[in-house]
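J.: Just passing along the structure, written as structure tokens.
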Amino acid sequence: MNCQEVRILIDGYVDGELDPIRNQEVEQHFRTCPVCLTVYNSHRALRTALRTGSLYRTAPPALRNRVQSSFKPASTWKSLMGSPQWRWAAAAASLALVSVLTWRVALLPPTQTADDRLIQEVTASHVRSLMVSHLVDIQSSDRHMVKPWFTGKLDFAPSVADLIEQGFPLVGGRLDYVNGRAVAGLVYKRREHVINVFLWPSAAAVETRPLAHQGYHLVCWTQSGMTYWAISDLNSRELQEFVQLLQNQTPR
């Protein structure tokens, strides 16, 4: 990784938000780049300072006395609270508070489901692979080179299809982290459009399902005990064509 890529990820590294693979890449860069290491140390020092009490200050006695003297005597407050005007005002305020809280609750988004989180993770991994120039760990259009590369790096053997004759050439593969585990990432292209395919073992059966999120098209399905997610900015029709070709070449 270069310095620009690390600077983008450094806040996530400090907050522990990166996946293990990105953590390892950032730490490896720190070992060879004292400038980025200094930036990291500054971020960590700021984070530590914000979590300590050193930034808090006690109000001086003169300020405390002025604030206390501005309060009305307790007897005055008691007489006000006992008046009919106060009781009507309190009731109106209570009704207004209930109305505001009801409106705020109605505007809250629905609880995020596991599918929603997975869609966000897949989309984030796709975007990250394009942003930090980490599209592939092994660059090859030969599936007989890409598939063996995963041996020993994953606890399963991903199926790799060759679709160059159908207009979807294989670019390569990489390790990624989705759904709380290491997964295989296969990369294909359609003209200038990148297609990421993430796959990992799964016992649950899911029918082929096209989706859309943040301007990207996604298709998920299960086949031969594996979960597949394909994502691209390619139009939905061509992405589903790609998925059908991939399903036909994947052992069932």
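Here, A, B, ... name the chains of the structure tokens in the order displayed, residue numbers run from 1 inside each chain, and ligands are numbered from 1 in the same displayed order.
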Give me, as a tab-separated table, each residue of region 157-203 of chain A that comes within 6 Å of region 212-229 of chain A, together with its shortest interatomic pair and the distance in Å at one decimal, counting only C-alpha atoms, with rows ordered by chain and rising residue number.
T.:
```
residue	atom	partner	partner_atom	distance
A:Val197	CA	A:Trp229	CA	5.5
A:Phe198	CA	A:Trp229	CA	5.1
A:Leu199	CA	A:Tyr228	CA	4.6
A:Trp200	CA	A:Thr227	CA	5.5
A:Pro201	CA	A:Met226	CA	4.3
A:Ser202	CA	A:Met226	CA	5.1
A:Ala203	CA	A:Gly225	CA	5.8
```
J.: If I take CA of Cys36 (chain A) and CA of Ala182 (chain A), how far is one from the other in Å, to one decimal?
T.: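 Distance between the two atoms: 27.1 Å.
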J.: Closest to Tyr188 (chain A) among A:Phe242, A:Phe150, A:Tyr13, A:Phe156, using only C-alpha atoms?
T.: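 Under the stated criterion, the closest residue is A:Phe242.
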